[in-house]
$ cat my_file_4.cif   # mmCIF, C-alpha atoms
data_upload
#
loop_
_atom_site.label_atom_id
_atom_site.label_comp_id
_atom_site.auth_asym_id
_atom_site.auth_seq_id
_atom_site.Cartn_x
_atom_site.Cartn_y
_atom_site.Cartn_z
CA MET A 1 0.79 -28.21 -6.08
CA LYS A 2 3.60 -26.47 -7.88
CA LYS A 3 4.72 -23.25 -6.24
CA ARG A 4 3.56 -20.10 -7.99
CA ALA A 5 5.18 -16.69 -8.30
CA VAL A 6 3.95 -13.36 -9.56
CA CYS A 7 6.87 -11.76 -11.40
CA ILE A 8 6.87 -8.01 -11.99
CA LEU A 9 8.42 -7.80 -15.43
CA SER A 10 9.14 -4.41 -16.97
CA GLY A 11 11.17 -5.81 -19.83
CA GLY A 12 14.45 -4.38 -18.53
CA MET A 13 17.50 -6.50 -17.70
CA ASP A 14 16.89 -6.69 -13.97
CA SER A 15 13.27 -7.82 -13.92
CA THR A 16 13.96 -10.18 -16.80
CA LEU A 17 16.80 -11.88 -14.96
CA ALA A 18 14.64 -12.07 -11.83
CA SER A 19 11.94 -13.88 -13.83
CA TYR A 20 14.42 -16.40 -15.26
CA MET A 21 15.72 -16.97 -11.73
CA ALA A 22 12.14 -17.63 -10.58
CA LYS A 23 11.79 -20.22 -13.35
CA ASP A 24 15.16 -21.69 -12.41
CA GLU A 25 13.90 -22.05 -8.82
CA GLY A 26 10.94 -24.08 -10.10
CA TYR A 27 8.13 -21.56 -9.86
CA ASP A 28 5.17 -21.42 -12.20
CA ILE A 29 5.20 -17.82 -13.31
CA ILE A 30 2.39 -15.29 -13.51
CA ALA A 31 3.91 -12.29 -15.28
CA VAL A 32 2.74 -8.74 -14.58
CA HIS A 33 3.61 -5.70 -16.65
CA PHE A 34 2.67 -2.09 -16.02
CA ASN A 35 1.88 0.48 -18.69
CA TYR A 36 2.08 3.69 -16.67
CA GLY A 37 2.60 6.32 -19.30
CA GLN A 38 6.38 6.03 -19.16
CA ARG A 39 8.11 7.49 -22.22
CA THR A 40 9.11 4.09 -23.61
CA GLU A 41 5.82 2.38 -22.79
CA LYS A 42 5.37 0.70 -26.17
CA ARG A 43 8.92 -0.60 -26.41
CA GLU A 44 8.80 -1.98 -22.87
CA LEU A 45 5.53 -3.76 -23.61
CA LYS A 46 7.10 -5.38 -26.66
CA ALA A 47 10.04 -6.52 -24.53
CA PHE A 48 7.61 -7.94 -21.96
CA ARG A 49 5.72 -9.92 -24.58
CA ASP A 50 8.91 -11.22 -26.22
CA ILE A 51 10.26 -12.39 -22.87
CA CYS A 52 6.96 -14.02 -21.86
CA GLU A 53 7.07 -15.94 -25.12
CA ASP A 54 10.65 -17.04 -24.53
CA LEU A 55 9.73 -18.12 -20.99
CA GLN A 56 6.55 -19.82 -22.27
CA ILE A 57 4.46 -18.02 -19.68
CA LYS A 58 0.77 -18.90 -19.83
CA GLU A 59 -0.66 -16.39 -17.40
CA LYS A 60 0.12 -12.76 -17.87
CA TYR A 61 -1.42 -9.47 -16.83
CA GLU A 62 -0.85 -6.25 -18.73
CA ILE A 63 -2.00 -3.59 -16.31
CA ASP A 64 -2.80 -0.04 -17.38
CA ILE A 65 -2.17 2.60 -14.72
CA PRO A 66 -2.97 5.93 -16.27
CA PHE A 67 -2.62 7.96 -13.07
CA PHE A 68 1.15 8.41 -13.00
CA THR A 69 0.92 10.88 -15.85
CA GLN A 70 -1.85 12.63 -13.86
CA ILE A 71 0.42 12.83 -10.79
CA GLY A 72 3.54 13.70 -12.80
CA ALA A 73 6.61 14.78 -10.79
CA SER A 74 9.01 12.50 -12.69
CA ALA A 75 10.97 12.85 -15.91
CA LEU A 76 9.75 9.38 -16.88
CA THR A 77 6.06 10.24 -16.85
CA ASP A 78 5.98 14.04 -17.23
CA LYS A 79 7.03 15.18 -20.67
CA SER A 80 7.68 18.73 -19.43
CA ILE A 81 10.67 17.41 -17.42
CA ASP A 82 13.74 16.35 -19.41
CA VAL A 83 15.44 13.00 -18.86
CA PRO A 84 19.00 13.78 -17.65
CA VAL A 85 21.79 12.69 -20.01
CA ASP A 86 24.82 14.10 -18.18
CA GLY A 87 25.51 11.23 -15.82
CA LEU A 88 24.23 10.12 -12.43
CA GLU A 89 23.41 12.83 -9.90
CA SER A 90 23.69 12.30 -6.16
CA GLY A 91 20.50 11.84 -4.15
CA VAL A 92 17.14 10.85 -5.58
CA PRO A 93 17.14 11.60 -9.32
CA ILE A 94 14.40 13.34 -11.29
CA THR A 95 13.54 10.04 -12.98
CA TYR A 96 12.20 8.77 -9.64
CA VAL A 97 8.46 8.08 -9.98
CA PRO A 98 6.83 8.71 -6.59
CA PHE A 99 6.45 5.39 -4.70
CA ARG A 100 6.34 3.43 -7.95
CA ASN A 101 7.49 0.12 -6.51
CA GLY A 102 5.11 0.52 -3.58
CA ILE A 103 2.26 0.84 -6.04
CA PHE A 104 3.54 -1.98 -8.28
CA LEU A 105 3.97 -4.35 -5.34
CA SER A 106 0.53 -3.50 -3.97
CA ILE A 107 -1.11 -4.29 -7.30
CA ALA A 108 1.00 -7.45 -7.66
CA THR A 109 -0.21 -8.45 -4.20
CA ALA A 110 -3.84 -8.21 -5.30
CA ILE A 111 -3.00 -10.44 -8.29
CA ALA A 112 -1.06 -12.87 -6.10
CA GLU A 113 -3.98 -13.09 -3.69
CA LYS A 114 -6.40 -13.81 -6.52
CA GLU A 115 -4.00 -16.37 -8.07
CA SER A 116 -3.04 -18.03 -4.74
CA ALA A 117 0.64 -17.37 -5.40
CA ASN A 118 3.36 -17.95 -2.81
CA ALA A 119 5.89 -15.34 -3.88
CA LEU A 120 6.41 -12.04 -5.65
CA PHE A 121 9.60 -11.51 -7.64
CA ILE A 122 10.84 -7.99 -8.24
CA GLY A 123 14.16 -7.06 -9.80
CA VAL A 124 15.11 -4.21 -7.50
CA VAL A 125 18.81 -3.40 -7.22
CA GLU A 126 20.02 -1.48 -4.18
CA GLU A 127 23.80 -1.53 -4.48
CA ASP A 128 24.39 -0.18 -7.94
CA SER A 129 21.08 1.53 -8.51
CA SER A 130 19.88 4.97 -9.44
CA GLY A 131 19.28 5.91 -5.78
CA TYR A 132 15.55 5.23 -5.62
CA PRO A 133 14.22 4.86 -2.06
CA ASP A 134 11.76 2.13 -3.11
CA CYS A 135 14.55 -0.18 -4.31
CA THR A 136 16.15 -0.89 -0.95
CA ASP A 137 16.23 -4.01 1.17
CA ASP A 138 14.69 -2.09 4.09
CA PHE A 139 11.73 -1.09 1.93
CA ILE A 140 11.18 -4.66 0.75
CA LYS A 141 11.30 -5.99 4.34
CA SER A 142 8.74 -3.45 5.47
CA ILE A 143 6.30 -3.97 2.61
CA THR A 144 6.53 -7.76 3.02
CA ASN A 145 5.13 -7.30 6.50
CA THR A 146 2.48 -4.86 5.27
CA ILE A 147 1.12 -7.14 2.57
CA ASN A 148 0.95 -10.13 4.85
CA VAL A 149 -0.87 -8.15 7.54
CA GLY A 150 -3.22 -6.52 5.03
CA THR A 151 -4.40 -9.58 3.10
CA LYS A 152 -6.41 -12.68 3.99
CA GLU A 153 -4.88 -15.11 6.49
CA SER A 154 -4.64 -17.71 3.74
CA THR A 155 -2.48 -15.36 1.66
CA VAL A 156 1.17 -15.81 2.65
CA LEU A 157 3.58 -14.03 0.37
CA GLU A 158 7.32 -13.85 0.28
CA ILE A 159 8.96 -11.07 -1.76
CA LYS A 160 12.00 -12.36 -3.60
CA THR A 161 14.62 -9.83 -4.70
CA PRO A 162 17.42 -12.00 -6.05
CA LEU A 163 19.25 -9.00 -7.53
CA VAL A 164 19.07 -6.58 -4.62
CA HIS A 165 22.76 -6.82 -3.69
CA LEU A 166 24.19 -7.40 -7.17
CA MET A 167 26.19 -4.89 -9.21
CA LYS A 168 25.23 -4.38 -12.86
CA ASP A 169 28.17 -6.43 -14.17
CA GLU A 170 27.18 -9.30 -11.89
CA ILE A 171 23.67 -9.04 -13.32
CA VAL A 172 25.02 -9.33 -16.86
CA LEU A 173 27.19 -12.31 -15.89
CA LYS A 174 24.35 -14.08 -14.08
CA ALA A 175 22.05 -13.49 -17.08
CA LEU A 176 24.62 -14.97 -19.47
CA GLU A 177 25.02 -17.97 -17.16
CA LEU A 178 21.26 -18.61 -17.28
CA ASN A 179 21.02 -18.01 -21.04
CA VAL A 180 18.71 -15.03 -20.54
CA PRO A 181 18.09 -13.40 -23.95
CA LEU A 182 19.30 -9.92 -22.97
CA ASN A 183 18.88 -8.83 -26.60
CA LEU A 184 15.11 -8.93 -26.01
CA THR A 185 15.27 -6.55 -23.04
CA TRP A 186 14.94 -2.75 -23.08
CA SER A 187 16.40 -0.32 -20.55
CA CYS A 188 16.53 3.11 -22.18
CA TYR A 189 14.41 5.80 -20.50
CA LYS A 190 14.16 7.96 -23.61
CA GLU A 191 14.06 6.17 -26.93
CA GLU A 192 12.14 3.26 -28.44
CA GLU A 193 13.99 2.48 -31.69
CA GLU A 194 17.64 2.79 -30.73
CA ALA A 195 18.69 3.16 -27.08
CA CYS A 196 20.03 6.68 -26.43
CA GLY A 197 23.16 5.46 -24.67
CA VAL A 198 23.36 8.50 -22.39
CA CYS A 199 20.42 8.39 -19.95
CA ASP A 200 21.12 6.98 -16.46
CA SER A 201 19.59 3.64 -17.35
CA CYS A 202 21.65 3.25 -20.55
CA ARG A 203 24.80 4.31 -18.70
CA LEU A 204 24.26 1.73 -15.95
CA ARG A 205 23.52 -0.98 -18.52
CA LEU A 206 26.48 -0.21 -20.78
CA ASN A 207 28.80 0.02 -17.81
CA GLY A 208 27.57 -3.37 -16.60
CA PHE A 209 28.29 -5.00 -19.96
CA LYS A 210 31.70 -3.32 -20.13
CA LYS A 211 32.75 -4.47 -16.67
CA ALA A 212 31.50 -7.98 -17.50
CA ASN A 213 33.62 -7.94 -20.68
CA SER A 214 30.53 -8.69 -22.70
CA GLU A 215 28.80 -7.08 -25.64
CA ASP A 216 25.32 -5.56 -25.54
CA LYS A 217 23.56 -6.51 -28.76
CA ILE A 218 20.69 -4.02 -28.73
CA PRO A 219 21.00 -0.99 -31.07
CA TYR A 220 22.40 2.26 -29.63
CA LYS A 221 22.53 5.80 -30.99
CA VAL A 222 25.66 6.57 -28.99
CA LYS A 223 27.74 3.91 -27.31
CA MET B 224 3.04 26.86 5.87
CA LYS B 225 -0.37 25.38 6.58
CA LYS B 226 -0.32 21.64 7.13
CA ARG B 227 -1.63 19.60 4.22
CA ALA B 228 -3.45 16.28 4.14
CA VAL B 229 -4.36 13.92 1.34
CA CYS B 230 -7.83 12.57 2.17
CA ILE B 231 -9.01 9.36 0.52
CA LEU B 232 -12.68 10.11 -0.05
CA SER B 233 -14.94 7.42 -1.45
CA GLY B 234 -18.11 9.35 -0.76
CA GLY B 235 -19.29 6.96 1.95
CA MET B 236 -20.00 8.03 5.53
CA ASP B 237 -16.66 6.97 6.98
CA SER B 238 -14.29 8.66 4.55
CA THR B 239 -16.52 11.72 4.50
CA LEU B 240 -16.41 12.09 8.28
CA ALA B 241 -12.63 11.55 8.19
CA SER B 242 -12.30 14.43 5.70
CA TYR B 243 -14.39 16.77 7.85
CA MET B 244 -12.27 15.80 10.85
CA ALA B 245 -9.16 16.67 8.81
CA LYS B 246 -10.64 20.08 8.09
CA ASP B 247 -11.59 20.47 11.75
CA GLU B 248 -7.94 19.77 12.67
CA GLY B 249 -6.85 22.62 10.42
CA TYR B 250 -5.49 20.76 7.41
CA ASP B 251 -5.63 22.01 3.86
CA ILE B 252 -7.21 19.10 2.04
CA ILE B 253 -6.20 17.39 -1.18
CA ALA B 254 -9.07 15.00 -1.92
CA VAL B 255 -8.50 11.73 -3.77
CA HIS B 256 -11.23 9.53 -5.19
CA PHE B 257 -10.86 6.19 -6.92
CA ASN B 258 -12.98 4.92 -9.79
CA TYR B 259 -12.12 1.24 -9.78
CA GLY B 260 -14.99 -0.34 -11.63
CA GLN B 261 -17.03 -0.82 -8.46
CA ARG B 262 -20.74 -1.40 -9.13
CA THR B 263 -21.78 2.02 -7.83
CA GLU B 264 -18.89 3.91 -9.40
CA LYS B 265 -20.98 6.74 -10.85
CA ARG B 266 -22.99 7.35 -7.70
CA GLU B 267 -19.88 7.39 -5.53
CA LEU B 268 -18.20 9.87 -7.84
CA LYS B 269 -21.23 12.16 -7.54
CA ALA B 270 -21.04 11.89 -3.75
CA PHE B 271 -17.33 12.71 -3.88
CA ARG B 272 -17.92 15.82 -5.97
CA ASP B 273 -20.82 16.99 -3.81
CA ILE B 274 -18.75 16.61 -0.66
CA CYS B 275 -15.73 18.38 -2.18
CA GLU B 276 -18.00 21.26 -3.02
CA ASP B 277 -19.42 21.39 0.49
CA LEU B 278 -15.87 21.28 1.92
CA GLN B 279 -14.70 23.90 -0.62
CA ILE B 280 -11.78 21.72 -1.64
CA LYS B 281 -9.59 23.27 -4.32
CA GLU B 282 -7.30 20.37 -5.12
CA LYS B 283 -8.82 17.08 -6.04
CA TYR B 284 -7.72 13.98 -7.90
CA GLU B 285 -10.16 11.61 -9.55
CA ILE B 286 -8.08 8.53 -10.22
CA ASP B 287 -9.13 5.81 -12.65
CA ILE B 288 -7.87 2.35 -11.77
CA PRO B 289 -9.27 0.00 -14.36
CA PHE B 290 -7.32 -3.07 -13.22
CA PHE B 291 -9.56 -4.22 -10.37
CA THR B 292 -12.14 -5.43 -12.86
CA GLN B 293 -9.28 -7.21 -14.69
CA ILE B 294 -8.23 -8.91 -11.44
CA GLY B 295 -11.79 -9.56 -10.27
CA ALA B 296 -12.20 -11.86 -7.23
CA SER B 297 -14.66 -9.55 -5.47
CA ALA B 298 -18.42 -9.11 -5.65
CA LEU B 299 -17.83 -5.34 -5.86
CA THR B 300 -15.82 -5.45 -9.06
CA ASP B 301 -16.76 -8.76 -10.67
CA LYS B 302 -20.32 -8.78 -11.97
CA SER B 303 -20.37 -12.59 -12.12
CA ILE B 304 -20.29 -12.68 -8.28
CA ASP B 305 -23.47 -11.57 -6.46
CA VAL B 306 -23.39 -9.02 -3.64
CA PRO B 307 -24.66 -10.84 -0.52
CA VAL B 308 -27.92 -9.53 0.93
CA ASP B 309 -28.51 -12.02 3.72
CA GLY B 310 -26.49 -10.37 6.47
CA LEU B 311 -22.86 -10.34 7.52
CA GLU B 312 -20.91 -13.56 7.16
CA SER B 313 -18.04 -14.49 9.45
CA GLY B 314 -14.50 -14.16 8.09
CA VAL B 315 -13.49 -12.12 5.08
CA PRO B 316 -16.59 -11.47 2.96
CA ILE B 317 -16.86 -11.86 -0.81
CA THR B 318 -17.08 -8.07 -1.16
CA TYR B 319 -13.42 -7.85 -0.10
CA VAL B 320 -11.38 -6.37 -2.96
CA PRO B 321 -7.87 -7.87 -2.80
CA PHE B 322 -5.54 -5.44 -0.98
CA ARG B 323 -7.67 -2.46 -1.98
CA ASN B 324 -6.58 -0.16 0.82
CA GLY B 325 -2.95 -1.12 0.27
CA ILE B 326 -3.29 0.00 -3.32
CA PHE B 327 -5.28 3.13 -2.41
CA LEU B 328 -2.76 4.19 0.24
CA SER B 329 0.17 3.56 -2.10
CA ILE B 330 -1.34 5.79 -4.77
CA ALA B 331 -2.27 8.40 -2.15
CA THR B 332 1.37 8.30 -1.02
CA ALA B 333 2.56 9.17 -4.52
CA ILE B 334 0.14 12.11 -4.55
CA ALA B 335 1.20 13.18 -1.06
CA GLU B 336 4.86 13.09 -2.09
CA LYS B 337 4.14 15.21 -5.15
CA GLU B 338 2.02 17.64 -3.11
CA SER B 339 4.40 17.80 -0.10
CA ALA B 340 1.61 16.74 2.24
CA ASN B 341 2.17 15.82 5.89
CA ALA B 342 -0.64 13.35 6.42
CA LEU B 343 -2.96 10.85 4.77
CA PHE B 344 -6.50 10.49 6.11
CA ILE B 345 -8.36 7.25 5.53
CA GLY B 346 -11.71 6.33 7.03
CA VAL B 347 -10.96 2.73 7.91
CA VAL B 348 -13.06 1.19 10.68
CA GLU B 349 -11.75 -1.87 12.46
CA GLU B 350 -14.17 -2.43 15.30
CA ASP B 351 -17.51 -2.52 13.56
CA SER B 352 -16.32 -3.26 10.05
CA SER B 353 -17.02 -5.84 7.41
CA GLY B 354 -13.98 -7.91 8.43
CA TYR B 355 -11.53 -6.65 5.80
CA PRO B 356 -7.87 -7.35 6.66
CA ASP B 357 -6.76 -4.02 5.18
CA CYS B 358 -8.90 -2.01 7.61
CA THR B 359 -7.04 -2.86 10.81
CA ASP B 360 -4.82 -0.78 13.05
CA ASP B 361 -1.99 -3.28 12.58
CA PHE B 362 -2.17 -2.87 8.83
CA ILE B 363 -2.08 0.91 9.07
CA LYS B 364 0.92 0.82 11.43
CA SER B 365 2.81 -1.42 9.07
CA ILE B 366 2.08 0.55 5.91
CA THR B 367 3.00 3.80 7.65
CA ASN B 368 6.48 2.42 8.11
CA THR B 369 6.59 1.13 4.54
CA ILE B 370 5.67 4.43 2.93
CA ASN B 371 8.16 6.38 5.01
CA VAL B 372 10.96 3.94 4.20
CA GLY B 373 10.03 3.80 0.50
CA THR B 374 9.79 7.52 -0.29
CA LYS B 375 12.25 10.42 -0.33
CA GLU B 376 13.79 11.45 3.00
CA SER B 377 11.98 14.77 2.74
CA THR B 378 8.63 12.96 2.57
CA VAL B 379 7.36 12.31 6.10
CA LEU B 380 3.81 11.05 6.25
CA GLU B 381 1.52 10.21 9.08
CA ILE B 382 -1.56 8.08 8.36
CA LYS B 383 -4.54 9.36 10.32
CA THR B 384 -7.41 6.95 10.93
CA PRO B 385 -9.70 8.89 13.24
CA LEU B 386 -12.52 6.33 12.89
CA VAL B 387 -10.57 3.11 13.31
CA HIS B 388 -11.93 2.30 16.78
CA LEU B 389 -15.41 3.81 16.39
CA MET B 390 -18.66 1.88 16.04
CA LYS B 391 -21.09 2.90 13.29
CA ASP B 392 -23.45 4.68 15.69
CA GLU B 393 -20.53 6.68 17.06
CA ILE B 394 -19.65 7.62 13.49
CA VAL B 395 -23.18 8.89 12.91
CA LEU B 396 -23.11 10.86 16.15
CA LYS B 397 -19.70 12.37 15.45
CA ALA B 398 -20.84 13.33 11.94
CA LEU B 399 -23.94 15.04 13.30
CA GLU B 400 -21.80 16.89 15.84
CA LEU B 401 -19.56 18.24 13.03
CA ASN B 402 -22.53 19.07 10.75
CA VAL B 403 -21.35 16.60 8.12
CA PRO B 404 -23.98 16.45 5.35
CA LEU B 405 -24.56 12.68 5.54
CA ASN B 406 -27.39 13.06 3.02
CA LEU B 407 -24.70 13.66 0.37
CA THR B 408 -22.91 10.39 1.13
CA TRP B 409 -23.47 7.00 -0.51
CA SER B 410 -22.77 3.60 1.04
CA CYS B 411 -24.80 1.02 -0.89
CA TYR B 412 -22.73 -1.65 -2.70
CA LYS B 413 -25.47 -2.46 -5.21
CA GLU B 414 -27.68 0.38 -6.31
CA GLU B 415 -27.20 3.94 -7.52
CA GLU B 416 -30.70 5.45 -7.42
CA GLU B 417 -32.14 4.15 -4.16
CA ALA B 418 -29.92 2.31 -1.66
CA CYS B 419 -30.85 -1.40 -1.52
CA GLY B 420 -31.04 -1.49 2.27
CA VAL B 421 -29.95 -5.13 2.48
CA CYS B 422 -26.28 -5.35 1.41
CA ASP B 423 -23.67 -5.43 4.20
CA SER B 424 -22.86 -1.77 3.73
CA CYS B 425 -26.51 -0.65 3.91
CA ARG B 426 -27.09 -2.88 6.94
CA LEU B 427 -24.12 -1.40 8.81
CA ARG B 428 -25.21 2.12 7.91
CA LEU B 429 -28.85 1.68 8.83
CA ASN B 430 -27.89 -0.03 12.07
CA GLY B 431 -25.60 2.87 12.91
CA PHE B 432 -28.36 5.42 12.40
CA LYS B 433 -30.80 3.30 14.40
CA LYS B 434 -28.46 2.93 17.37
CA ALA B 435 -27.73 6.67 17.22
CA ASN B 436 -31.49 7.36 17.29
CA SER B 437 -31.14 9.35 14.11
CA GLU B 438 -32.76 9.26 10.70
CA ASP B 439 -30.92 8.48 7.47
CA LYS B 440 -32.26 10.82 4.80
CA ILE B 441 -31.04 9.08 1.67
CA PRO B 442 -33.63 7.09 -0.33
CA TYR B 443 -33.93 3.34 0.33
CA LYS B 444 -35.72 0.56 -1.51
CA VAL B 445 -36.12 -1.43 1.68
CA LYS B 446 -35.51 0.01 5.12
#
$ encode --input "my_file_4.cif" --output "structure tokens"
Amino acid sequence: MKKRAVCILSGGMDSTLASYMAKDEGYDIIAVHFNYGQRTEKRELKAFRDICEDLQIKEKYEIDIPFFTQIGASALTDKSIDVPVDGLESGVPITYVPFRNGIFLSIATAIAEKESANALFIGVVEEDSSGYPDCTDDFIKSITNTINVGTKESTVLEIKTPLVHLMKDEIVLKALELNVPLNLTWSCYKEEEEACGVCDSCRLRLNGFKKANSEDKIPYKVK
Amino acid sequence: MKKRAVCILSGGMDSTLASYMAKDEGYDIIAVHFNYGQRTEKRELKAFRDICEDLQIKEKYEIDIPFFTQIGASALTDKSIDVPVDGLESGVPITYVPFRNGIFLSIATAIAEKESANALFIGVVEEDSSGYPDCTDDFIKSITNTINVGTKESTVLEIKTPLVHLMKDEIVLKALELNVPLNLTWSCYKEEEEACGVCDSCRLRLNGFKKANSEDKIPYKVK
């Protein structure tokens, strides 16, 4: 039987590249997207669907998780907290959504168990990231053990994080090498029509393109 | 500051006892309940609210997680699969909801991080359980590490499982000792008016009361 992977696909550059790498490695892909009340929920969902079409993915899950807005505590899900636009802070930024990747990977595990998948792909980036604790290699190692202990014996899952030690410019270069349609992806934390160009996510993305001597073709308000 | 615990409270006997034990240990309780499309969702929610009232809990979260019915694969959340009534099988039963406690604990972690709690209480039972892989001591040890690695440095959480090595009759006896109103709790997997008396959960409960020489005061169809 062909090997199967559940790919967590937000529609941003990182998760998109991770999904194309999964395909490149020969996996059949089950794509999972989360609508969690993030500010750019609709735009990210469009990106997800566009990318699934480009990847010709047959099985996809669009999962609604309304509780992040109930929990709040992040500028991404709590509209009373502004998204910072003045550059990266040190420490864990206010855009951190409490234990988001822990929750995403747990739900992806349930789907993988149901679908008899062999691997989970997640596009976490430790090196050049926004400083989120749930994007580190140590976290991924620990949760890999947890999900294998906490599921049926017949469920054996590897978590693949092909981007974890890449810098953003390396991500852009790798995506270009694999013909990933980066113009379909969306990274901005704030806007849905034109990317703001100044939130942390836009800054990281633009900086990656600049260092890779490449042009980002999505529309920006400020660039 | 008084120590604070997030208690996962389904409204069954085990999680209810765990919450009373948390109170007995001096914790301020933040109660969390999950509506996940389980067959007896409404009855469990009533039990949760009744118990919160008895415990005089001020902070409570009722969390809707609609995706389990989308994932299916369990007799509890997929109405096309019957709940077994012929006694406990060996191995992982069909009522197992893929990685449910992993998902519950991940969401509870996000709440605990927001609420600056010190502990999570969960009423998992390994010894005399239904054979679920996400109810074991090994699983709890592993996920404790995962949630501490994957959250902010200032978030330090202990997972307390005061029932993990108890048998059902010991749970009944401990509950009686602490004056836990077991008549408010609900365990049946199938019915919401009168407990069926024959599903695995009713069997375990009734057997616990019998061994403890005590009477279960909730209504049963068959006893």
$ residues_around --input "my_file_4.cif" --residues "segment 37-53 of chain A" --least-positions-apart "3" --cutoff "9 Å" --atoms "all atoms listed in the file" --output "VMD selection string"
chain A and resid 9 to 12 16 31 to 34 56 to 58 60 62 64 to 69 75 to 79 181 184 to 193
$ write_last_selection --input "my_file_4.cif" --atoms "C-alpha atoms" --output "tab-separated table (two decimals), keeping the file's coordinate frame"
chain	number	residue	atom	x	y	z
A	9	LEU	CA	8.42	-7.80	-15.43
A	10	SER	CA	9.14	-4.41	-16.97
A	11	GLY	CA	11.17	-5.81	-19.83
A	12	GLY	CA	14.45	-4.38	-18.53
A	16	THR	CA	13.96	-10.18	-16.80
A	31	ALA	CA	3.91	-12.29	-15.28
A	32	VAL	CA	2.74	-8.74	-14.58
A	33	HIS	CA	3.61	-5.70	-16.65
A	34	PHE	CA	2.67	-2.09	-16.02
A	56	GLN	CA	6.55	-19.82	-22.27
A	57	ILE	CA	4.46	-18.02	-19.68
A	58	LYS	CA	0.77	-18.90	-19.83
A	60	LYS	CA	0.12	-12.76	-17.87
A	62	GLU	CA	-0.85	-6.25	-18.73
A	64	ASP	CA	-2.80	-0.04	-17.38
A	65	ILE	CA	-2.17	2.60	-14.72
A	66	PRO	CA	-2.97	5.93	-16.27
A	67	PHE	CA	-2.62	7.96	-13.07
A	68	PHE	CA	1.15	8.41	-13.00
A	69	THR	CA	0.92	10.88	-15.85
A	75	ALA	CA	10.97	12.85	-15.91
A	76	LEU	CA	9.75	9.38	-16.88
A	77	THR	CA	6.06	10.24	-16.85
A	78	ASP	CA	5.98	14.04	-17.23
A	79	LYS	CA	7.03	15.18	-20.67
A	181	PRO	CA	18.09	-13.40	-23.95
A	184	LEU	CA	15.11	-8.93	-26.01
A	185	THR	CA	15.27	-6.55	-23.04
A	186	TRP	CA	14.94	-2.75	-23.08
A	187	SER	CA	16.40	-0.32	-20.55
A	188	CYS	CA	16.53	3.11	-22.18
A	189	TYR	CA	14.41	5.80	-20.50
A	190	LYS	CA	14.16	7.96	-23.61
A	191	GLU	CA	14.06	6.17	-26.93
A	192	GLU	CA	12.14	3.26	-28.44
A	193	GLU	CA	13.99	2.48	-31.69
$ closest_residue --input "my_file_4.cif" --among "B:Glu376, B:Ile366, B:Tyr355, B:Lys383" --to "Tyr250 of chain B" --atoms "all atoms listed in the file"
B:Lys383
$ resolve_selection --input "my_file_4.cif" --expression "the PyMOL selection byres ((chain A) within 7 of (chain B))" --output "PyMOL selection string"
chain A and resi 63-65+67+71+73+98-99+102-103+106-107+109-111+113-114+133-134+139+142-143+145-146+149-152
$ resolve_selection --input "my_file_4.cif" --expression "the PyMOL selection byres ((chain B and resi 342) around 10)" --output "VMD selection string"
chain B and resid 226 to 230 245 250 252 332 335 339 to 341 343 to 345 379 to 383
$ residues_around --input "my_file_4.cif" --residues "Leu386 of chain B" --least-positions-apart "4" --cutoff "10 Å" --atoms "only C-alpha atoms" --output "PDB file with C-alpha atoms, in the coordinates of the input"
ATOM      1  CA  ASP B 237     -16.660   6.970   6.980  1.00  0.00           C
ATOM      2  CA  SER B 238     -14.290   8.660   4.550  1.00  0.00           C
ATOM      3  CA  LEU B 240     -16.410  12.090   8.280  1.00  0.00           C
ATOM      4  CA  ALA B 241     -12.630  11.550   8.190  1.00  0.00           C
ATOM      5  CA  MET B 244     -12.270  15.800  10.850  1.00  0.00           C
ATOM      6  CA  PHE B 344      -6.500  10.490   6.110  1.00  0.00           C
ATOM      7  CA  ILE B 345      -8.360   7.250   5.530  1.00  0.00           C
ATOM      8  CA  GLY B 346     -11.710   6.330   7.030  1.00  0.00           C
ATOM      9  CA  VAL B 347     -10.960   2.730   7.910  1.00  0.00           C
ATOM     10  CA  VAL B 348     -13.060   1.190  10.680  1.00  0.00           C
ATOM     11  CA  GLU B 349     -11.750  -1.870  12.460  1.00  0.00           C
ATOM     12  CA  GLU B 350     -14.170  -2.430  15.300  1.00  0.00           C
ATOM     13  CA  MET B 390     -18.660   1.880  16.040  1.00  0.00           C
ATOM     14  CA  LYS B 391     -21.090   2.900  13.290  1.00  0.00           C
ATOM     15  CA  GLU B 393     -20.530   6.680  17.060  1.00  0.00           C
ATOM     16  CA  ILE B 394     -19.650   7.620  13.490  1.00  0.00           C
ATOM     17  CA  LYS B 397     -19.700  12.370  15.450  1.00  0.00           C
TER      18      LYS B 397
END
$ atom_distance --input "my_file_4.cif" --atom1 "atom CA of Ile81 of chain A" --atom2 "atom CA of Arg203 of chain A"
19.3 Å
$ resolve_selection --input "my_file_4.cif" --expression "the PyMOL selection byres ((chain A and resi 197) around 7)" --output "PyMOL selection string"
chain A and resi 195-196+198-199+202-203+220-223
$ closest_residue --input "my_file_4.cif" --among "A:Asp54, A:Asp216, A:Asp86, A:Glu25" --to "Asp169 of chain A" --atoms "all atoms listed in the file"
A:Asp216
$ atom_distance --input "my_file_4.cif" --atom1 "atom CA of Glu400 of chain B" --atom2 "atom CA of Lys434 of chain B"
15.5 Å
$ closest_residue --input "my_file_4.cif" --among "A:Ile218, A:Val85, A:Ile30, A:Ile8" --to "Asn183 of chain A" --atoms "all atoms listed in the file"
A:Ile218
$ atom_distance --input "my_file_4.cif" --atom1 "atom CA of Val387 of chain B" --atom2 "atom CA of Tyr243 of chain B"
15.2 Å
$ closest_residue --input "my_file_4.cif" --among "B:Ser303, B:Ser424, B:Lys246, B:Val403" --to "Pro316 of chain B" --atoms "all atoms listed in the file"
B:Ser424
